[in-house]
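Remarks on the structure that follows.
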Amino acid sequence: MPPIITFAFAFLLTLPFLVSAALADDKPMLRDIYGTSHYFDEFKDDRTEAIVFVILDDHCPVVQKIIPKLIELHKKYNSFEKDRAGRPADGKPYPGDLVRFIGIYVKPDMGAKAMAAHAAEVHLPFRVLHDSELSFVKKFGISRLSEVTVLDPNANIQYQGPVDYQNVQGSTKAKANKNYLADALESMAAGQPVKVSKVPSVGCKIDTDPPTKQYNNLTYSQDIAPIVQGKCQKCHEEGAVGPMPLQSYQDVVDYSSMLEEVVLDERMPPWPAVSSRDFRHSETLTSEERLTFLRWLRSDMNEGEQLPNAINLSSKQKWIINDPDFVFTMPDPVEIPATGVMEYVYVPIAINGGKGFDEDRWIEAIETRPGAPEVVHHIQIHEYKGPVDKAPTPLEQIMMYGLSIENARLIGSYTPGNEEENARDYTRYLGAGNKAKSVGMKLTKGSNLMLEMHYTTNGTTTFDKSSVAIRFAKGKPELELQTWFPFRKRADMIIPSNVENHSLQDLYHFGGQTNGKTVLVHGVRPHLHTRGKNYRLELVDAKNFSPKELATYSKHNDVRGETVLSLPIWDFNWQHLYRFKEPILVTPDKAFLATAYWDNTEHNPRNPNFEEDVPWGQQTEQEMFNTLFIYEILEDNDPRLQNIGKR
């Protein structure tokens, strides 16, 4: 493909019909899936010679029909030969897209998660943005969904209209006999005038002046307080992880503008997952709750009468799991500096004076509580067999984790805002059809525990003394839960620099963990770092996959099973354990296929540095790819094999 060259000034003079869209003070501002605002002209680099904006929607039929054509054009101009790690085969960093494609969604109330979910579902390889104020649409005179606008590097419109002449209003022809977008890009590539610069668009009409509705009949006391109490207050109280209190009507009014933004973006409450299954505990707003909240925030925010009683938030001095048998608090505070990056901190927890128990014991409930939640990114509690009088050496860490961390036995954990996970009571894992009276997770004879502490600095020197509480089962439980923590191997993971949609796949087959037994998976927790973009977990036939198949990048977008978990927007700050109302039955012929995508470009606002290839590593500025499973092994005569979870 010959390089696209910028049109010479003399050539521009011969095109009086071109519409200048020279940048001015009224540049439209668009929001990305991370909730960050951008000017529309930011998305180009030194190599970019054309920018294609396309108006997208999750339901318009014309949009759905043009998406495969957009993907093919993106591939034609921007694909590159990859080495085994996904880097350019020539050994040079990827220089950026020759033709930059940007998808723009325009529904005023469309959230970032819904936008990202649609983009992930149709496997768009390019960035998507939201024009909630319709400022971009109005600036460029766009009237219909599916319309494309092609700009040169000087922001002059070179083409505007439909992708091709196949979809006509109310009908679709068997084949396009005119390919307007492809022809325009070919002309620009050859340095020739674009022969057809404007064509009337087809597709669903955009209402650029939606009617203004007032919702002053909504009140805080009757409509909003129940939402705030049920979905916000437990994190937004004094000393909790939320950055501001939301305990009263006045609190909500004081932060109303910020609340509108995060509710519109679906950043709050933080529950990024969608699934073909039902979750046992979901903190997301329902569609009705979200629209009610937005409408009230956009009205006069009436207080109403008869405010509800304040909810009785759990005291920070009490354990949610109730009556623990064992409580451990870090003996010495850890100092977290105001700035910089801290290595992981390891604190051994001695059981029975460091000797462990004389026999296997089963943990019925475990709660992990940070002393300084504002700087504790996560805590993980591992079973540990090394010495407890000092932090583990690198060799002892390898013994605890295994070379690829797959040997780790994760007993409990803490992540911000994840109360169900932080106070993990295994008795609540009993699902439909389970007649067990007791449940627990084994702590092996002679074992101790290890706190793995990950701190993040926040501008203030802080001290932390975190705690753990455990309630043991009275004896061996009828149901024993297991954990499995498969990781992407350290030597087999690189996230290439300046690549927007890098993908990796792993297959998780339980056969080696269970000696070929069927399992019931109760909960799943994915893990990536800050460059993570989205994640998908499918239940598939295990026999269909080989290492070569998993390493074939062109197959990563193919959905090949039931998507039991999807995170359209990966958020490093909110890493939930997703528990299913009905546990997932996984027979020996089945496996889980995990697919993750990373955005290692400057346009990912969470990216520490887009100019370097990123290896596997524990620190936030490095990357990981793993999935935690909580499951039970079923015996061959278990009646649940016949009546649970088969799909």
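Naming scheme: A, B, ... for chains in displayed order of the structure tokens; residues 1 onward per chain; ligands 1 onward as shown.
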Residues of segment 9-213 of chain A classed as helix (DSSP H, G or I) by DSSP on the backbone are to be reported as number ranges by chain.
A: 9-13, 40-42, 61-78, 112-121, 135-139, 180-189
Within 7 Å of segment 89-99 of chain A, counting only C-alpha atoms, which residues show up once you throw out same-chain ones fewer than 5 positions away? Write them as a PyMOL selection string, please.
chain A and resi 45+47-51+77-78+81-83+497-499
Could you name the residues that touch segment 282-288 of chain A at 9 Å or less, counting only C-alpha atoms, but leaving out those on the same chain fewer than 3 positions away, as a PyMOL selection string?
chain A and resi 227+230-231+263+266+268-272+278-279+291-293+578-579
Identify all residues of segment 291-507 of chain A in strand (DSSP E) (DSSP on the backbone) and supply them as a PyMOL selection string.
chain A and resi 326-329+334-336+345-349+361-369+376-384+410-414+423-425+439-443+448-455+462-464+467-472+479-484+494-495+502-507
Between A:Phe545, A:Trp362, A:Tyr535, A:Tyr220, which residue has the minimum interatomic distance to Lys476 of chain A, considering only C-alpha atoms?
A:Trp362
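Straight-line separation from atom CA of Glu611 of chain A to atom CA of Asp131 of chain A: 28.8 Å.
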Contacts of segment 255-261 of chain A at 8 Å (only C-alpha atoms; same-chain gap of 3+ positions) as an NGL selection string
:A and (251-252 or 264-265 or 294 or 297)
